[in-house]
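Inspection log for the structure reproduced underneath, given as structure tokens.
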Amino acid sequence: MQKANYKELKSNGFMPQVQKDCFSMRLRIAGGQITAEQLKKVYEIATEFGQGHIHVTARQSMEIPFIKLEDIETVRARLAEAGLEPAAGGNRVRTITACQGCTICPRGLIDAAGLARDMDERYYGEPVPHKFKIGITGCRNNCLKAEENDLGIKGAMKPQWRETDCTYCGACAAVCPTKAITVSRQDKTLVYTETECIQCGRCVKACPVKAWEGRPGFTVYFGGTFGNSIRIGKRVLPTLFEITDLHRVIEATMEFFREHGKPKERLAYTLERVGWDVFEEKLNSSLQTETRI
């Protein structure tokens with residue numbers, strides 16, 4: 001009779017169920033995106049090896065319950081036929097979540113889905129002291145709740161106004177949520193208070209004559225958790241505008257976590273124990289000053 005190593009199976013995407021020798025298999029899906037052909041394979045496996053249903057998880061993945069212990073290796077092989085594999089569990093970087101971003105959503109400021117695929121290739125399954133969740137949201141609507149992740153990324157946009165192209169229609173002022181822009185059509189004046197700007201990019205998208213242009217960037221939050229004890233992630237860096245700097249920050253964060261984290265301790269608690277000042281020094285040393293504002 002086959003003997004199960006439950007710890008290893010759970011770490012590799014097979015969660016034990018209450019039913020003996022049955023497992024709910026979680027899939028590796030970056031940014032919640034899966035092709036129609038891959039969905040066919042998920043359907044086939046759920047029908048043949050499960051009980052014909054699929055669970056959509058809270059973090060944009062899928063689970064096929066009632067996979068029997070003796071079928072696990074066959075199921076792995078069948079998944080591979082469609083370019084799929086079980087998800088990483090345990091003390092590793094988990095599923096990268098993301099909204100659809102600017103390639104689909106009119107509100108999007110960054111390509112959140114593309115960034116998720118990139119990060120999936122770079123960081124998914126990397127070992128850390130405890131589970132580590134990354135979430136990417138394309139704009140300040142925050143559909144992916146960046147602050148709830150160990151490391152959350154939110155799309156931002158730094159606006160710049162070109163006076164020569166402006167018709168002073170007031171569309172930008174009308175959509176600005178913080179009233180950082182005031183326009184007088186009669187006097188043909190526009191005042192932009194940069195300190196009040198939250199980099200939501202709405203002025204850029206609303207301008208009918210393209211007098212506003214924007215530079216997309218990334219606002220990063222650290223130390224968020226949800227569950228038994230909630231921590232809201234903190235922003236400790238200015239907006240980043242270079243993808244290379246974003247990766248430097250992610251790598252520095254995981255390096256800090258490995259250096260200071262205790263087993264089964266989420267990043268939030270490591271930061272509270274070791275000190276945010278130590279962490280900020282680590283992040284700042286990883287960045288080039290000319291790419292920050």
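Naming scheme: A, B, ... for chains in displayed order of the structure tokens; residues 1 onward per chain; ligands 1 onward as shown.
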
Exercise. As a PyMOL selection string, list the residues of segment 86-263 of chain A assigned to alpha helix (DSSP H) by DSSP on the backbone atoms of this structure.
Key: chain A and resi 112-123+171-175+202-206+243-260

Considering only C-alpha atoms, tabulate each residue of segment 100-133 of chain A that lies at most 12 Å from segment 33-41 of chain A along with its nearest interatomic pair and the corresponding distance in Å to one decimal; arrange the rows by chain and ascending residue number and present them as CSV.
residue,atom,partner,partner_atom,distance
A:Gln100,CA,A:Gln33,CA,8.8
A:Ala112,CA,A:Gln33,CA,11.4
A:Ala113,CA,A:Gln33,CA,7.9
A:Gly114,CA,A:Gln33,CA,10.1
A:Ala116,CA,A:Gln33,CA,9.7
A:Arg117,CA,A:Gln33,CA,9.2
A:Asp120,CA,A:Gln33,CA,11.9

Quiz prompt | Shortest interatomic distance to Arg122 of chain A - which of A:Ile104, A:Val236, A:Leu69, A:Val93, counting only C-alpha atoms | solution =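 Among the listed residues, A:Val93 lies closest to Arg122 of chain A.
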
Exercise. Assign secondary structure with DSSP using the backbone only, and return the residues of segment 94-212 of chain A in strand (DSSP E) as a list in words.
Key: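 Checking each residue of segment 94-212 of chain A, the strand (DSSP E) ones are Thr97, Ala98, Ile134, Gly135, Ile136, Thr137, Leu151, Gly152, Ile153, Lys154, Gly155, Ala156, Met157, Lys158, Pro159, Gln160, Trp161, Ile181, Thr182, Val183, Ser184, Thr189, Leu190, Val191, Tyr192 and Trp212 of chain A.
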
Just write the chosen residues, N, CA and C atoms, as a compact mmCIF listing (two decimals), in the first residue's frame.
# COMPACT_ATOMS: atom_id res chain seq x y z
N THR A 97 -0.69 37.00 -7.65
CA THR A 97 -2.02 37.44 -8.06
C THR A 97 -1.94 38.78 -8.77
N ALA A 98 -2.88 39.03 -9.67
CA ALA A 98 -2.87 40.29 -10.42
C ALA A 98 -4.22 40.54 -11.06
N ILE A 134 2.67 37.75 -3.10
CA ILE A 134 2.85 38.95 -3.91
C ILE A 134 1.55 39.20 -4.67
N GLY A 135 1.05 40.43 -4.59
CA GLY A 135 -0.16 40.82 -5.31
C GLY A 135 0.08 42.09 -6.10
N ILE A 136 -0.45 42.15 -7.32
CA ILE A 136 -0.22 43.29 -8.21
C ILE A 136 -1.57 43.85 -8.65
N THR A 137 -1.78 45.13 -8.40
CA THR A 137 -3.01 45.79 -8.82
C THR A 137 -2.68 46.95 -9.75
N LEU A 151 4.16 41.49 -0.05
CA LEU A 151 4.66 42.54 -0.92
C LEU A 151 3.59 42.83 -1.96
N GLY A 152 3.07 44.04 -1.91
CA GLY A 152 2.01 44.43 -2.83
C GLY A 152 2.47 45.55 -3.74
N ILE A 153 2.05 45.49 -4.99
CA ILE A 153 2.44 46.48 -6.00
C ILE A 153 1.18 47.12 -6.56
N LYS A 154 1.17 48.44 -6.59
CA LYS A 154 0.02 49.18 -7.08
C LYS A 154 0.47 50.11 -8.20
N GLY A 155 -0.23 50.07 -9.32
CA GLY A 155 0.11 50.95 -10.43
C GLY A 155 -0.05 52.41 -10.06
N ALA A 156 0.86 53.24 -10.54
CA ALA A 156 0.83 54.68 -10.30
C ALA A 156 1.15 55.40 -11.60
N MET A 157 0.88 56.70 -11.64
CA MET A 157 1.23 57.49 -12.81
C MET A 157 1.56 58.92 -12.39
N LYS A 158 2.75 59.35 -12.75
CA LYS A 158 3.18 60.73 -12.47
C LYS A 158 2.75 61.60 -13.65
N PRO A 159 1.81 62.56 -13.43
CA PRO A 159 1.32 63.37 -14.55
C PRO A 159 2.20 64.58 -14.83
N GLN A 160 2.20 64.99 -16.07
CA GLN A 160 2.90 66.22 -16.47
C GLN A 160 2.01 66.96 -17.46
N TRP A 161 1.84 68.27 -17.22
CA TRP A 161 0.93 69.10 -18.01
C TRP A 161 1.70 69.92 -19.04
N ILE A 181 -5.90 69.67 -8.94
CA ILE A 181 -5.94 70.50 -10.15
C ILE A 181 -7.13 71.45 -10.07
N THR A 182 -6.88 72.70 -10.33
CA THR A 182 -7.96 73.68 -10.48
C THR A 182 -7.80 74.38 -11.82
N VAL A 183 -8.92 74.59 -12.50
CA VAL A 183 -8.90 75.17 -13.85
C VAL A 183 -9.92 76.30 -13.93
N SER A 184 -9.50 77.39 -14.55
CA SER A 184 -10.44 78.46 -14.89
C SER A 184 -10.47 78.59 -16.40
N THR A 189 -6.40 79.52 -16.97
CA THR A 189 -5.36 79.19 -15.99
C THR A 189 -5.58 77.77 -15.48
N LEU A 190 -4.48 77.13 -15.17
CA LEU A 190 -4.52 75.80 -14.55
C LEU A 190 -3.46 75.76 -13.47
N VAL A 191 -3.86 75.30 -12.28
CA VAL A 191 -2.93 75.15 -11.17
C VAL A 191 -2.89 73.68 -10.76
N TYR A 192 -1.69 73.12 -10.77
CA TYR A 192 -1.49 71.72 -10.38
C TYR A 192 -0.64 71.70 -9.12
N TRP A 212 -2.22 66.41 -20.89
CA TRP A 212 -1.58 65.70 -19.79
C TRP A 212 -0.96 64.41 -20.33

Quiz item: Skipping near chain neighbours, those fewer than 6 positions away, what residues fall within 9 Å of segment 276-288 of chain A using only C-alpha atoms, listed as number ranges by chain?
Solution: A: 236-237, 245-246, 248-253, 256

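Residues in contact with Glu8 of chain A at up to 12 Å, not including ones fewer than 4 positions away on its chain and judged by only C-alpha atoms, are A:Lys3, A:Ala4, A:Asn12, A:Gly13, A:Phe14, A:Met15, A:Pro16, A:Ala88, A:Gly89, A:Gly90, A:Asn91.
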
Those residues you just picked out, can you put them in a file as a short mmCIF file (atom, residue, chain, number, x, y, z; two decimals), in the first residue's frame with all heavy atoms?
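As a result, selection-v8.cif now contains:
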data_model
loop_
_atom_site.label_atom_id
_atom_site.label_comp_id
_atom_site.auth_asym_id
_atom_site.auth_seq_id
_atom_site.Cartn_x
_atom_site.Cartn_y
_atom_site.Cartn_z
N LYS A 3 2.41 4.75 0.79
CA LYS A 3 2.44 5.57 2.00
C LYS A 3 2.64 7.01 1.61
O LYS A 3 3.50 7.35 0.81
CB LYS A 3 3.58 5.09 2.91
CG LYS A 3 3.52 5.69 4.30
CD LYS A 3 4.56 5.06 5.20
CE LYS A 3 4.47 5.66 6.60
NZ LYS A 3 5.48 5.06 7.51
N ALA A 4 1.85 7.90 2.21
CA ALA A 4 1.87 9.30 1.82
C ALA A 4 2.79 10.12 2.72
O ALA A 4 2.78 9.96 3.94
CB ALA A 4 0.46 9.88 1.89
N ASN A 12 3.84 20.61 -2.33
CA ASN A 12 3.83 20.55 -3.78
C ASN A 12 2.41 20.58 -4.37
O ASN A 12 2.16 20.07 -5.45
CB ASN A 12 4.56 19.30 -4.25
CG ASN A 12 6.06 19.42 -4.05
OD1 ASN A 12 6.74 20.12 -4.79
ND2 ASN A 12 6.58 18.75 -3.03
N GLY A 13 1.50 21.21 -3.63
CA GLY A 13 0.20 21.53 -4.20
C GLY A 13 -0.92 20.54 -3.95
O GLY A 13 -2.02 20.74 -4.47
N PHE A 14 -0.68 19.48 -3.16
CA PHE A 14 -1.73 18.49 -2.87
C PHE A 14 -2.12 18.60 -1.40
O PHE A 14 -1.43 18.10 -0.53
CB PHE A 14 -1.25 17.08 -3.21
CG PHE A 14 -1.09 16.85 -4.69
CD1 PHE A 14 0.10 17.16 -5.33
CD2 PHE A 14 -2.13 16.33 -5.45
CE1 PHE A 14 0.27 16.95 -6.69
CE2 PHE A 14 -1.98 16.12 -6.82
CZ PHE A 14 -0.78 16.44 -7.44
N MET A 15 -3.25 19.28 -1.14
CA MET A 15 -3.71 19.51 0.22
C MET A 15 -4.56 18.34 0.71
O MET A 15 -5.56 17.99 0.07
CB MET A 15 -4.54 20.80 0.30
CG MET A 15 -3.72 22.05 0.56
SD MET A 15 -2.48 22.39 -0.70
CE MET A 15 -3.52 22.78 -2.09
N PRO A 16 -4.17 17.73 1.83
CA PRO A 16 -4.98 16.61 2.35
C PRO A 16 -6.40 17.04 2.68
O PRO A 16 -6.63 18.12 3.21
CB PRO A 16 -4.23 16.20 3.62
CG PRO A 16 -2.84 16.72 3.44
CD PRO A 16 -2.98 17.98 2.65
N ALA A 88 2.92 25.66 -5.65
CA ALA A 88 3.86 25.57 -4.54
C ALA A 88 3.15 25.89 -3.24
O ALA A 88 2.34 26.82 -3.17
CB ALA A 88 5.02 26.54 -4.75
N GLY A 89 3.45 25.14 -2.21
CA GLY A 89 2.94 25.41 -0.87
C GLY A 89 4.11 25.52 0.10
O GLY A 89 5.26 25.63 -0.31
N GLY A 90 3.81 25.50 1.37
CA GLY A 90 4.87 25.55 2.38
C GLY A 90 5.55 26.90 2.44
O GLY A 90 4.99 27.94 2.09
N ASN A 91 6.82 26.86 2.86
CA ASN A 91 7.58 28.09 3.08
C ASN A 91 8.23 28.57 1.79
O ASN A 91 9.46 28.53 1.62
CB ASN A 91 8.65 27.85 4.17
CG ASN A 91 8.03 27.36 5.45
OD1 ASN A 91 6.91 27.74 5.79
ND2 ASN A 91 8.74 26.53 6.18
#

Practice problem: Select, from A:Tyr6, A:Cys139, A:Pro238, A:His130, the residue with the minimum atom-to-atom distance to Asp111 of chain A, counting only C-alpha atoms. | Solution: A:Cys139

Quiz item: Within 12 Å of Ala46 of chain A, counting only C-alpha atoms, which residues qualify if same-chain residues fewer than 3 places away don't, as a PyMOL selection string?
Solution: chain A and resi 24-26+39-43+49-55+62-68+71+75+78-79
